[in-house]
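The structure file work-v2.pdb is reproduced below (PDB, C-alpha atoms and all ligand atoms).
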MODEL        1
ATOM      1  CA  MET A  26       5.520 -12.094   0.678
ATOM      2  CA  ALA A  27       5.027 -14.335  -2.271
ATOM      3  CA  PRO A  28       2.237 -12.945  -4.431
ATOM      4  CA  ALA A  29       3.052 -15.312  -7.265
ATOM      5  CA  SER A  30       2.092 -18.237  -5.096
ATOM      6  CA  LEU A  31      -1.293 -16.859  -4.150
ATOM      7  CA  SER A  32      -4.313 -18.859  -5.123
ATOM      8  CA  SER A  33      -6.800 -17.333  -7.482
ATOM      9  CA  ALA A  34      -9.311 -17.467  -4.665
ATOM     10  CA  HIS A  35      -7.567 -14.583  -3.015
ATOM     11  CA  ALA A  36     -10.279 -12.093  -2.469
ATOM     12  CA  LEU A  37     -10.317  -8.373  -2.684
ATOM     13  CA  SER A  38     -12.888  -8.426   0.002
ATOM     14  CA  LEU A  39     -10.618  -6.220   2.037
ATOM     15  CA  ILE A  40     -11.422  -3.324  -0.156
ATOM     16  CA  ALA A  41     -14.796  -4.313  -1.470
ATOM     17  CA  PRO A  42     -18.045  -3.094   0.003
ATOM     18  CA  PRO A  43     -20.859  -5.347   1.191
ATOM     19  CA  LYS A  44     -23.670  -6.122  -1.212
ATOM     20  CA  THR A  45     -26.837  -4.029  -1.144
ATOM     21  CA  ALA A  46     -30.325  -5.520  -1.085
ATOM     22  CA  SER A  47     -30.385  -5.232  -4.859
ATOM     23  CA  GLY A  48     -27.367  -7.495  -5.007
ATOM     24  CA  ARG A  49     -25.042  -4.768  -6.275
ATOM     25  CA  TRP A  50     -21.841  -3.857  -4.515
ATOM     26  CA  SER A  51     -22.400  -0.599  -2.700
ATOM     27  CA  ARG A  52     -19.759   2.093  -3.151
ATOM     28  CA  LEU A  53     -20.626   3.956  -0.013
ATOM     29  CA  SER A  54     -20.784   1.281   2.572
ATOM     30  CA  VAL A  55     -17.099   0.526   2.871
ATOM     31  CA  ASN A  56     -15.802   1.806   6.113
ATOM     32  CA  PHE A  57     -12.357   0.678   7.004
ATOM     33  CA  ALA A  58     -12.371   2.842  10.069
ATOM     34  CA  ALA A  59     -15.192   0.656  11.335
ATOM     35  CA  ALA A  60     -13.125  -2.459  10.865
ATOM     36  CA  ARG A  61     -12.186  -4.551  13.839
ATOM     37  CA  PRO A  62     -10.106  -2.240  16.043
ATOM     38  CA  VAL A  63      -6.431  -2.967  15.819
ATOM     39  CA  SER A  64      -5.123  -4.179  19.104
ATOM     40  CA  ILE A  65      -1.764  -2.626  19.580
ATOM     41  CA  ALA A  66      -1.296  -4.006  23.077
ATOM     42  CA  ALA A  67       0.332  -7.180  21.802
ATOM     43  CA  ALA A  68       2.468  -5.199  19.401
ATOM     44  CA  THR A  69       3.532  -2.905  22.220
ATOM     45  CA  GLN A  70       4.416  -5.922  24.323
ATOM     46  CA  ARG A  71       6.529  -7.377  21.515
ATOM     47  CA  ARG A  72       8.216  -4.041  21.023
ATOM     48  CA  LEU A  73       9.140  -3.796  24.675
ATOM     49  CA  VAL A  74      10.732  -7.213  24.477
ATOM     50  CA  ALA A  75      12.537  -6.275  21.273
ATOM     51  CA  ALA A  76      13.643  -2.967  22.737
ATOM     52  CA  ALA A  77      14.982  -4.727  25.805
ATOM     53  CA  ALA A  78      16.922  -7.102  23.583
ATOM     54  CA  ALA A  79      18.211  -4.234  21.495
ATOM     55  CA  THR A  80      19.736  -2.495  24.490
ATOM     56  CA  GLU A  81      22.045  -5.468  24.902
ATOM     57  CA  MET A  82      23.268  -5.288  21.329
ATOM     58  CA  ALA A  83      26.368  -3.611  20.068
ATOM     59  CA  PRO A  84      25.799  -0.452  18.006
ATOM     60  CA  ALA A  85      26.849  -2.410  14.921
ATOM     61  CA  ALA A  86      23.697  -4.428  15.340
ATOM     62  CA  SER A  87      21.564  -1.300  15.412
ATOM     63  CA  GLY A  88      18.510  -1.607  13.299
ATOM     64  CA  GLU A  89      17.266  -4.569  15.333
ATOM     65  CA  GLU A  90      14.988  -2.373  17.377
ATOM     66  CA  GLY A  91      13.886  -0.566  14.249
ATOM     67  CA  LYS A  92      13.447  -3.869  12.528
ATOM     68  CA  ALA A  93      11.005  -4.766  15.221
ATOM     69  CA  PHE A  94       9.038  -1.661  14.369
ATOM     70  CA  VAL A  95       8.627  -2.556  10.696
ATOM     71  CA  GLU A  96       7.488  -5.965  11.850
ATOM     72  CA  GLU A  97       4.900  -4.236  13.994
ATOM     73  CA  MET A  98       3.683  -2.157  11.070
ATOM     74  CA  ARG A  99       3.458  -5.301   8.995
ATOM     75  CA  ALA A 100       1.618  -7.225  11.728
ATOM     76  CA  VAL A 101      -1.007  -4.507  12.054
ATOM     77  CA  ALA A 102      -1.448  -4.385   8.274
ATOM     78  CA  MET A 103      -1.689  -8.149   7.925
ATOM     79  CA  ARG A 104      -4.486  -8.313  10.492
ATOM     80  CA  LEU A 105      -6.515  -5.975   8.295
ATOM     81  CA  HIS A 106      -6.503  -8.508   5.449
ATOM     82  CA  THR A 107      -9.031 -11.301   5.164
ATOM     83  CA  LYS A 108      -7.906 -14.898   5.565
ATOM     84  CA  ASP A 109      -8.312 -15.594   1.891
ATOM     85  CA  GLN A 110      -6.128 -12.619   1.007
ATOM     86  CA  ALA A 111      -3.286 -13.571   3.280
ATOM     87  CA  ARG A 112      -2.755 -16.297   5.832
ATOM     88  CA  GLU A 113      -2.312 -13.783   8.635
ATOM     89  CA  GLY A 114      -5.532 -11.956   7.787
ATOM     90  CA  GLU A 115      -8.196 -11.696  10.473
ATOM     91  CA  LYS A 116     -11.061  -9.898   8.791
ATOM     92  CA  GLU A 117     -14.132 -11.676   7.498
ATOM     93  CA  PRO A 118     -14.521 -11.543   3.723
ATOM     94  CA  GLN A 119     -17.377  -9.239   2.770
ATOM     95  CA  ALA A 120     -16.858  -8.927  -0.923
ATOM     96  CA  PRO A 121     -16.262 -10.908  -4.089
ATOM     97  CA  PRO A 122     -12.948 -12.663  -4.601
ATOM     98  CA  VAL A 123     -10.537 -11.303  -7.179
ATOM     99  CA  ALA A 124     -11.299 -14.299  -9.356
ATOM    100  CA  LYS A 125     -14.871 -13.054  -9.696
ATOM    101  CA  TRP A 126     -13.980  -9.537 -10.679
ATOM    102  CA  GLU A 127     -14.895  -8.431 -14.123
ATOM    103  CA  PRO A 128     -12.450  -5.585 -14.616
ATOM    104  CA  SER A 129     -12.722  -3.158 -17.510
ATOM    105  CA  VAL A 130      -9.870  -1.259 -19.125
ATOM    106  CA  GLU A 131     -11.648   2.001 -18.226
ATOM    107  CA  GLY A 132     -11.842   1.099 -14.533
ATOM    108  CA  TYR A 133      -8.279  -0.167 -14.468
ATOM    109  CA  LEU A 134      -7.109   3.057 -16.119
ATOM    110  CA  ARG A 135      -8.855   5.083 -13.416
ATOM    111  CA  PHE A 136      -6.962   3.008 -10.853
ATOM    112  CA  LEU A 137      -3.629   3.502 -12.623
ATOM    113  CA  VAL A 138      -4.149   7.263 -13.016
ATOM    114  CA  ASP A 139      -5.082   7.702  -9.356
ATOM    115  CA  SER A 140      -2.205   5.446  -8.302
ATOM    116  CA  ARG A 141       0.192   7.565 -10.314
ATOM    117  CA  LEU A 142      -1.000  10.682  -8.517
ATOM    118  CA  VAL A 143      -0.526   9.021  -5.126
ATOM    119  CA  PHE A 144       2.970   7.706  -5.927
ATOM    120  CA  GLN A 145       3.977  11.023  -7.461
ATOM    121  CA  THR A 146       2.780  12.809  -4.326
ATOM    122  CA  LEU A 147       4.794  10.470  -2.088
ATOM    123  CA  GLU A 148       7.862  10.997  -4.264
ATOM    124  CA  GLU A 149       7.512  14.791  -4.233
ATOM    125  CA  ILE A 150       7.042  14.847  -0.470
ATOM    126  CA  VAL A 151      10.264  12.948   0.203
ATOM    127  CA  GLU A 152      12.060  14.979  -2.457
ATOM    128  CA  ARG A 153      10.980  18.239  -0.794
ATOM    129  CA  ALA A 154      11.739  16.802   2.672
ATOM    130  CA  ALA A 155       9.890  19.416   4.723
ATOM    131  CA  VAL A 156      10.810  17.090   7.580
ATOM    132  CA  PRO A 157      14.557  16.568   7.100
ATOM    133  CA  TRP A 158      14.608  12.781   7.629
ATOM    134  CA  TYR A 159      12.106  12.254   4.783
ATOM    135  CA  ALA A 160      15.205  12.636   2.606
ATOM    136  CA  GLU A 161      16.187   9.115   3.720
ATOM    137  CA  PHE A 162      13.370   7.837   1.527
ATOM    138  CA  ARG A 163      14.468   9.466  -1.717
ATOM    139  CA  ASN A 164      15.479   7.206  -4.606
ATOM    140  CA  THR A 165      14.721   3.938  -2.882
ATOM    141  CA  GLY A 166      14.163   2.181  -6.192
ATOM    142  CA  LEU A 167      10.548   1.510  -5.214
ATOM    143  CA  GLU A 168       9.292   4.714  -6.919
ATOM    144  CA  ARG A 169       6.410   4.020  -9.287
ATOM    145  CA  SER A 170       5.349   7.277 -10.913
ATOM    146  CA  GLU A 171       7.716   7.071 -13.918
ATOM    147  CA  ALA A 172       6.758   3.446 -14.550
ATOM    148  CA  LEU A 173       3.089   4.412 -14.432
ATOM    149  CA  LYS A 174       3.719   7.282 -16.807
ATOM    150  CA  LYS A 175       5.123   4.796 -19.332
ATOM    151  CA  ASP A 176       2.163   2.480 -18.855
ATOM    152  CA  LEU A 177      -0.308   5.301 -19.425
ATOM    153  CA  GLU A 178       1.543   6.273 -22.599
ATOM    154  CA  TRP A 179       1.217   2.680 -23.780
ATOM    155  CA  PHE A 180      -2.537   2.688 -23.149
ATOM    156  CA  LYS A 181      -2.790   5.947 -25.081
ATOM    157  CA  GLN A 182      -0.937   4.469 -28.039
ATOM    158  CA  GLU A 183      -3.366   1.590 -27.923
ATOM    159  CA  GLY A 184      -6.161   4.098 -28.513
ATOM    160  CA  HIS A 185      -7.487   4.468 -24.975
ATOM    161  CA  THR A 186      -8.416   7.810 -23.468
ATOM    162  CA  ILE A 187      -6.488   8.529 -20.291
ATOM    163  CA  PRO A 188      -8.838   9.992 -17.672
ATOM    164  CA  GLU A 189      -8.012  12.830 -15.295
ATOM    165  CA  PRO A 190      -7.354  11.812 -11.683
ATOM    166  CA  SER A 191     -10.598  11.268  -9.794
ATOM    167  CA  ALA A 192     -11.770  11.781  -6.208
ATOM    168  CA  PRO A 193     -10.129   8.727  -4.597
ATOM    169  CA  GLY A 194      -6.735   9.790  -5.947
ATOM    170  CA  THR A 195      -7.013  13.530  -5.375
ATOM    171  CA  THR A 196      -8.453  13.063  -1.874
ATOM    172  CA  TYR A 197      -5.673  10.683  -0.891
ATOM    173  CA  ALA A 198      -2.983  12.915  -2.397
ATOM    174  CA  SER A 199      -4.246  15.956  -0.438
ATOM    175  CA  TYR A 200      -4.410  13.927   2.734
ATOM    176  CA  LEU A 201      -0.806  12.764   2.247
ATOM    177  CA  GLU A 202       0.341  16.349   1.646
ATOM    178  CA  GLU A 203      -1.380  17.483   4.813
ATOM    179  CA  LEU A 204      -0.033  14.615   6.933
ATOM    180  CA  SER A 205       3.483  15.080   5.630
ATOM    181  CA  GLU A 206       3.543  18.605   7.045
ATOM    182  CA  LYS A 207       1.621  18.056  10.263
ATOM    183  CA  ASP A 208       2.036  14.454  11.284
ATOM    184  CA  PRO A 209       5.244  12.737  10.104
ATOM    185  CA  GLN A 210       4.626   9.452  11.934
ATOM    186  CA  ALA A 211       1.178   9.041  10.368
ATOM    187  CA  PHE A 212       2.658   9.974   7.002
ATOM    188  CA  ILE A 213       5.271   7.242   7.310
ATOM    189  CA  CYS A 214       2.544   4.679   7.985
ATOM    190  CA  HIS A 215       1.053   5.515   4.574
ATOM    191  CA  PHE A 216       4.459   5.555   2.935
ATOM    192  CA  TYR A 217       5.134   2.036   4.206
ATOM    193  CA  ASN A 218       1.712   0.608   3.385
ATOM    194  CA  VAL A 219       1.406   2.069  -0.103
ATOM    195  CA  TYR A 220       4.818   0.880  -1.282
ATOM    196  CA  PHE A 221       4.782  -2.509   0.425
ATOM    197  CA  ALA A 222       1.160  -3.346  -0.400
ATOM    198  CA  HIS A 223       1.887  -2.714  -4.052
ATOM    199  CA  THR A 224       4.733  -5.230  -4.066
ATOM    200  CA  ALA A 225       2.533  -7.881  -2.409
ATOM    201  CA  GLY A 226      -1.232  -7.933  -3.053
ATOM    202  CA  GLY A 227      -0.884  -5.201  -5.670
ATOM    203  CA  ARG A 228       1.262  -7.402  -7.872
ATOM    204  CA  MET A 229      -1.183 -10.263  -7.567
ATOM    205  CA  ILE A 230      -4.038  -7.998  -8.578
ATOM    206  CA  GLY A 231      -2.044  -6.718 -11.561
ATOM    207  CA  LYS A 232      -1.432 -10.265 -12.729
ATOM    208  CA  LYS A 233      -5.090 -11.225 -12.500
ATOM    209  CA  VAL A 234      -6.292  -8.087 -14.265
ATOM    210  CA  SER A 235      -3.721  -8.531 -16.992
ATOM    211  CA  GLU A 236      -4.833 -12.125 -17.568
ATOM    212  CA  LYS A 237      -8.420 -10.972 -17.915
ATOM    213  CA  ILE A 238      -8.195  -7.807 -19.973
ATOM    214  CA  LEU A 239      -4.646  -7.141 -21.175
ATOM    215  CA  ASN A 240      -3.733 -10.406 -22.829
ATOM    216  CA  LYS A 241      -1.207 -11.020 -20.020
ATOM    217  CA  LYS A 242       0.809  -7.888 -20.773
ATOM    218  CA  GLU A 243       3.057  -7.073 -17.833
ATOM    219  CA  LEU A 244       2.922  -3.371 -17.059
ATOM    220  CA  GLU A 245       5.962  -1.346 -15.970
ATOM    221  CA  PHE A 246       4.063  -0.672 -12.728
ATOM    222  CA  TYR A 247       4.919  -4.231 -11.726
ATOM    223  CA  LYS A 248       8.578  -4.222 -12.730
ATOM    224  CA  TRP A 249      11.434  -2.967 -10.591
ATOM    225  CA  GLU A 250      15.028  -2.356 -11.543
ATOM    226  CA  GLY A 251      17.333  -4.504  -9.468
ATOM    227  CA  ASN A 252      16.464  -6.981  -6.784
ATOM    228  CA  LEU A 253      13.062  -6.111  -5.316
ATOM    229  CA  SER A 254      13.636  -8.041  -2.075
ATOM    230  CA  GLN A 255      16.820  -6.070  -1.515
ATOM    231  CA  LEU A 256      15.113  -2.751  -2.293
ATOM    232  CA  LEU A 257      12.369  -3.580   0.200
ATOM    233  CA  GLN A 258      14.905  -4.588   2.815
ATOM    234  CA  ASN A 259      16.797  -1.319   2.354
ATOM    235  CA  VAL A 260      13.578   0.622   2.976
ATOM    236  CA  ARG A 261      12.759  -1.523   6.001
ATOM    237  CA  ASN A 262      16.186  -0.691   7.411
ATOM    238  CA  LYS A 263      15.622   3.027   6.891
ATOM    239  CA  LEU A 264      12.181   2.880   8.463
ATOM    240  CA  ASN A 265      13.721   1.048  11.385
ATOM    241  CA  GLN A 266      16.416   3.646  11.673
ATOM    242  CA  VAL A 267      14.124   6.680  11.767
ATOM    243  CA  ALA A 268      11.802   4.994  14.237
ATOM    244  CA  THR A 269      14.537   4.337  16.791
ATOM    245  CA  SER A 270      13.946   7.745  18.338
ATOM    246  CA  TRP A 271      10.173   7.284  18.470
ATOM    247  CA  SER A 272       8.443   6.127  21.609
ATOM    248  CA  ARG A 273       4.704   6.769  21.763
ATOM    249  CA  GLU A 274       4.928   8.017  18.182
ATOM    250  CA  LYS A 275       5.213   4.366  17.173
ATOM    251  CA  ASP A 276       1.700   3.654  18.384
ATOM    252  CA  HIS A 277       0.452   6.747  16.611
ATOM    253  CA  CYS A 278       2.004   5.490  13.388
ATOM    254  CA  LEU A 279       0.466   2.025  13.823
ATOM    255  CA  GLU A 280      -2.948   3.509  14.503
ATOM    256  CA  GLU A 281      -2.938   5.147  11.095
ATOM    257  CA  THR A 282      -2.886   1.769   9.303
ATOM    258  CA  GLU A 283      -6.657   1.475   8.983
ATOM    259  CA  LYS A 284      -6.841   4.815   7.221
ATOM    260  CA  SER A 285      -4.144   3.683   4.868
ATOM    261  CA  PHE A 286      -6.258   0.636   3.986
ATOM    262  CA  ALA A 287      -9.336   2.820   3.544
ATOM    263  CA  TYR A 288      -7.669   5.228   1.118
ATOM    264  CA  SER A 289      -5.928   2.487  -0.865
ATOM    265  CA  GLY A 290      -9.159   0.500  -0.881
ATOM    266  CA  ASP A 291     -10.927   3.421  -2.533
ATOM    267  CA  LEU A 292      -8.362   3.348  -5.328
ATOM    268  CA  LEU A 293      -8.550  -0.410  -5.808
ATOM    269  CA  ARG A 294     -12.331  -0.222  -6.021
ATOM    270  CA  HIS A 295     -11.980   1.479  -9.403
ATOM    271  CA  ILE A 296     -10.929  -1.861 -10.830
ATOM    272  CA  PHE A 297     -14.105  -3.784 -10.182
ATOM    273  CA  THR A 298     -16.898  -1.220 -10.125
TER     274      THR A 298
HETATM  275  C1  LIG B   1      -7.461  -6.379  -1.417
HETATM  276  C2  LIG B   1      -6.377  -6.582  -1.882
HETATM  277  C3  LIG B   1      -5.203  -7.126  -1.163
HETATM  278  C4  LIG B   1      -4.721  -8.378  -1.224
HETATM  279  C5  LIG B   1      -5.272  -9.528  -2.025
HETATM  280  C6  LIG B   1      -3.544  -8.406  -0.409
HETATM  281  C7  LIG B   1      -2.739  -9.486  -0.239
HETATM  282  C8  LIG B   1      -1.535  -9.489   0.429
HETATM  283  C9  LIG B   1      -0.637 -10.605   0.537
HETATM  284  C10 LIG B   1      -0.867 -11.973  -0.050
HETATM  285  C11 LIG B   1       0.429 -10.224   1.233
HETATM  286  C12 LIG B   1       1.686 -11.066   1.567
HETATM  287  C13 LIG B   1       1.498 -11.811   2.833
HETATM  288  C14 LIG B   1       2.729 -12.547   3.248
HETATM  289  O1  LIG B   1       3.827 -11.968   3.296
HETATM  290  O2  LIG B   1       2.599 -13.716   3.553
HETATM  291  C15 LIG B   1       0.218  -8.857   1.587
HETATM  292  C16 LIG B   1       1.109  -8.127   2.294
HETATM  293  C17 LIG B   1       0.891  -6.834   2.668
HETATM  294  N1  LIG B   1      -0.211  -6.060   2.391
HETATM  295 FE1  LIG B   1      -1.815  -6.619   1.308
HETATM  296  N2  LIG B   1      -3.345  -7.174   0.149
HETATM  297  C18 LIG B   1      -4.343  -6.367  -0.282
HETATM  298  C19 LIG B   1      -4.527  -5.059   0.030
HETATM  299  C20 LIG B   1      -3.717  -4.314   0.860
HETATM  300  C21 LIG B   1      -3.932  -2.941   1.229
HETATM  301  C22 LIG B   1      -5.112  -2.075   0.771
HETATM  302  C23 LIG B   1      -2.906  -2.580   2.027
HETATM  303  C24 LIG B   1      -2.624  -1.264   2.672
HETATM  304  C25 LIG B   1      -2.700  -0.129   2.038
HETATM  305  C26 LIG B   1      -2.045  -3.738   2.180
HETATM  306  C27 LIG B   1      -0.870  -3.770   2.896
HETATM  307  C28 LIG B   1      -0.008  -4.829   2.935
HETATM  308  C29 LIG B   1       1.282  -4.814   3.597
HETATM  309  C30 LIG B   1       1.915  -3.638   4.320
HETATM  310  C31 LIG B   1       1.844  -6.065   3.425
HETATM  311  C32 LIG B   1       3.221  -6.552   3.936
HETATM  312  C33 LIG B   1       4.204  -6.541   2.807
HETATM  313  C34 LIG B   1       5.592  -7.004   3.212
HETATM  314  O3  LIG B   1       5.814  -7.427   4.327
HETATM  315  O4  LIG B   1       6.470  -6.935   2.366
HETATM  316  N3  LIG B   1      -2.569  -4.762   1.465
HETATM  317  N4  LIG B   1      -0.995  -8.441   1.089
ENDMDL
END

Represent the structure from my file as structure tokens, please.
Amino acid sequence: MAPASLSSAHALSLIAPPKTASGRWSRLSVNFAAARPVSIAAATQRRLVAAAAATEMAPAASGEEGKAFVEEMRAVAMRLHTKDQAREGEKEPQAPPVAKWEPSVEGYLRFLVDSRLVFQTLEEIVERAAVPWYAEFRNTGLERSEALKKDLEWFKQEGHTIPEPSAPGTTYASYLEELSEKDPQAFICHFYNVYFAHTAGGRMIGKKVSEKILNKKELEFYKWEGNLSQLLQNVRNKLNQVATSWSREKDHCLEETEKSFAYSGDLLRHIFT
């Protein structure tokens, strides 16, 4: 994960819709669910090997099996990128590269407002911990809603009108609420993807947008207190830990990845439409 080293050719084609006959980018035609099906057979195979190895380890080394699970989540997510977004991507680009975006402050603000709603929802869900082990994911240091609040205040001081959350944000937030009560494994897939995507491609996008429309201002959204790599590793360890008791639930969690891309893609689309 080294967003800073990404080339400017890195596309957002992952989240961008195909062009219509008129040459415009269609809002409605994006369908992540229709993306190349994620093969989880290989992942399952790797997990079996990892699980076998883990049985031979001392309890002190626990986390290895869980670690394998985060690697599986990551592998599934990486396959849903395009090659120009990330080396491990497997999808064909279908949309303009980030470098060709012409973001507006209004569109970016819609993205930030909807993102704040999504992060706030994730934070409230783990705070409430309707499922007791969600409490493991409180105060990870990755939380973004306060940082976004500060950024929105800054935009306001600059004279911009802050919009209300819009459909992509409210729809995703409701879906997360529902999953968190009914389907913890699927919820955790979103939790992982939202937080980790933001620290990778999300940061790269923020840098590009800032260069184009914010005079290179670095928003709080892209700053973390402490060592980000360590914060991410701590969350990986916790994800690994909770997943140790999952068996088929792991596949269920992995299968949710495409939806996670679809919902996040709808938010990102605010930036360039
Ligand atoms: C379209 C914009 C996107 C771009 C340009 C992008 C780019 C990247 C890049 C460059 C990486 C790092 C690859 C590496 O470690 O070598 C990455 C990682 C990742 N991305 Fe994306 N990505 C995008 C959207 C998304 C979306 C929508 C999701 C899911 C909601 C997502 C989920 C992830 C995850 C889970 C990782 C792994 C992070 C880690 O291991 O720390 N990405 N992405």

Given the PyMOL selection byres (((chain A and resi 166-170) around 10) and not hetatm), the residues it picks as a PyMOL selection string: chain A and resi 137-138+140-148+162-165+171-176+220-221+223-224+245-253+255-257+259-260

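Reported to one decimal place, the separation of atom CA of Val123 of chain A from atom CA of Lys233 of chain A is 7.6 Å.
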
As AutoDock Vina command-line options, what would the box around ligand LIG 1 (chain B) look like: edges along x, y and z, 6 Å added on every side, centre and edge lengths in Å to one decimal?
--center_x -0.5 --center_y -6.9 --center_z 1.2 --size_x 25.9 --size_y 25.6 --size_z 18.4

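Near His277 of chain A, within a cut-off of 10 Å and counting all atoms listed in the file, sit the residues Asp208, Gln210, Ala211, Cys214, Trp271, Ser272, Arg273, Glu281 and Thr282 of chain A, with same-chain residues fewer than 4 positions away left out.
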
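The space separating atom CA of Val267 of chain A from atom CA of Tyr159 of chain A comes to 9.2 Å.
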
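Minimum atom-to-atom distance to ligand LIG 1 (chain B), evaluated using all atoms listed in the file, belongs to A:His215 out of A:Lys241, A:His215, A:Arg153, A:Lys181.
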
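Using only C-alpha atoms and all ligand atoms, the shortest contact distance between ligand LIG 1 (chain B) and any of A:Thr196, A:Tyr217, A:Ser129, A:Cys278 is found at A:Tyr217.
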
Selected residue of minimal separation from ligand LIG 1 (chain B) among A:Thr298, A:Gln258, A:Gln182, A:Thr195, counting only C-alpha atoms and all ligand atoms: A:Gln258

Where atoms are lacking, segment 137-143 of chain A completed to all heavy atoms, as an mmCIF file, in the coordinates of the input:
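File part36.cif, as written:
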data_model
loop_
_atom_site.group_PDB
_atom_site.id
_atom_site.type_symbol
_atom_site.label_atom_id
_atom_site.label_comp_id
_atom_site.auth_asym_id
_atom_site.auth_seq_id
_atom_site.Cartn_x
_atom_site.Cartn_y
_atom_site.Cartn_z
ATOM 1 N N LEU A 137 -5.037 3.193 -12.316
ATOM 2 C CA LEU A 137 -3.629 3.502 -12.623
ATOM 3 C C LEU A 137 -3.367 5.007 -12.547
ATOM 4 O O LEU A 137 -2.332 5.446 -12.034
ATOM 5 C CB LEU A 137 -3.250 2.961 -14.010
ATOM 6 C CG LEU A 137 -3.273 1.432 -14.174
ATOM 7 C CD1 LEU A 137 -3.002 1.044 -15.623
ATOM 8 C CD2 LEU A 137 -2.270 0.754 -13.242
ATOM 9 N N VAL A 138 -4.309 5.803 -13.048
ATOM 10 C CA VAL A 138 -4.149 7.263 -13.016
ATOM 11 C C VAL A 138 -4.120 7.758 -11.566
ATOM 12 O O VAL A 138 -3.252 8.556 -11.179
ATOM 13 C CB VAL A 138 -5.290 7.948 -13.820
ATOM 14 C CG1 VAL A 138 -5.354 9.434 -13.519
ATOM 15 C CG2 VAL A 138 -5.108 7.705 -15.315
ATOM 16 N N ASP A 139 -5.058 7.274 -10.764
ATOM 17 C CA ASP A 139 -5.082 7.702 -9.356
ATOM 18 C C ASP A 139 -3.842 7.194 -8.607
ATOM 19 O O ASP A 139 -3.281 7.895 -7.758
ATOM 20 C CB ASP A 139 -6.362 7.224 -8.672
ATOM 21 C CG ASP A 139 -7.545 8.150 -8.965
ATOM 22 O OD1 ASP A 139 -7.356 9.165 -9.670
ATOM 23 O OD2 ASP A 139 -8.660 7.871 -8.476
ATOM 24 N N SER A 140 -3.414 5.980 -8.946
ATOM 25 C CA SER A 140 -2.205 5.446 -8.302
ATOM 26 C C SER A 140 -1.006 6.314 -8.650
ATOM 27 O O SER A 140 -0.157 6.596 -7.798
ATOM 28 C CB SER A 140 -1.927 4.015 -8.765
ATOM 29 O OG SER A 140 -2.956 3.163 -8.335
ATOM 30 N N ARG A 141 -0.952 6.736 -9.905
ATOM 31 C CA ARG A 141 0.192 7.565 -10.314
ATOM 32 C C ARG A 141 0.218 8.848 -9.494
ATOM 33 O O ARG A 141 1.283 9.282 -9.032
ATOM 34 C CB ARG A 141 0.119 7.876 -11.810
ATOM 35 C CG ARG A 141 1.200 8.828 -12.215
ATOM 36 C CD ARG A 141 1.600 8.754 -13.657
ATOM 37 N NE ARG A 141 2.791 9.557 -13.824
ATOM 38 C CZ ARG A 141 2.826 10.717 -14.463
ATOM 39 N NH1 ARG A 141 1.737 11.184 -15.057
ATOM 40 N NH2 ARG A 141 3.940 11.407 -14.525
ATOM 41 N N LEU A 142 -0.942 9.452 -9.304
ATOM 42 C CA LEU A 142 -1.000 10.682 -8.517
ATOM 43 C C LEU A 142 -0.496 10.434 -7.085
ATOM 44 O O LEU A 142 0.268 11.225 -6.533
ATOM 45 C CB LEU A 142 -2.435 11.236 -8.502
ATOM 46 C CG LEU A 142 -2.648 12.494 -7.674
ATOM 47 C CD1 LEU A 142 -1.821 13.666 -8.221
ATOM 48 C CD2 LEU A 142 -4.128 12.872 -7.631
ATOM 49 N N VAL A 143 -0.926 9.327 -6.510
ATOM 50 C CA VAL A 143 -0.526 9.021 -5.126
ATOM 51 C C VAL A 143 0.988 8.771 -5.047
ATOM 52 O O VAL A 143 1.675 9.339 -4.182
ATOM 53 C CB VAL A 143 -1.328 7.811 -4.582
ATOM 54 C CG1 VAL A 143 -0.739 7.297 -3.277
ATOM 55 C CG2 VAL A 143 -2.795 8.199 -4.393
#
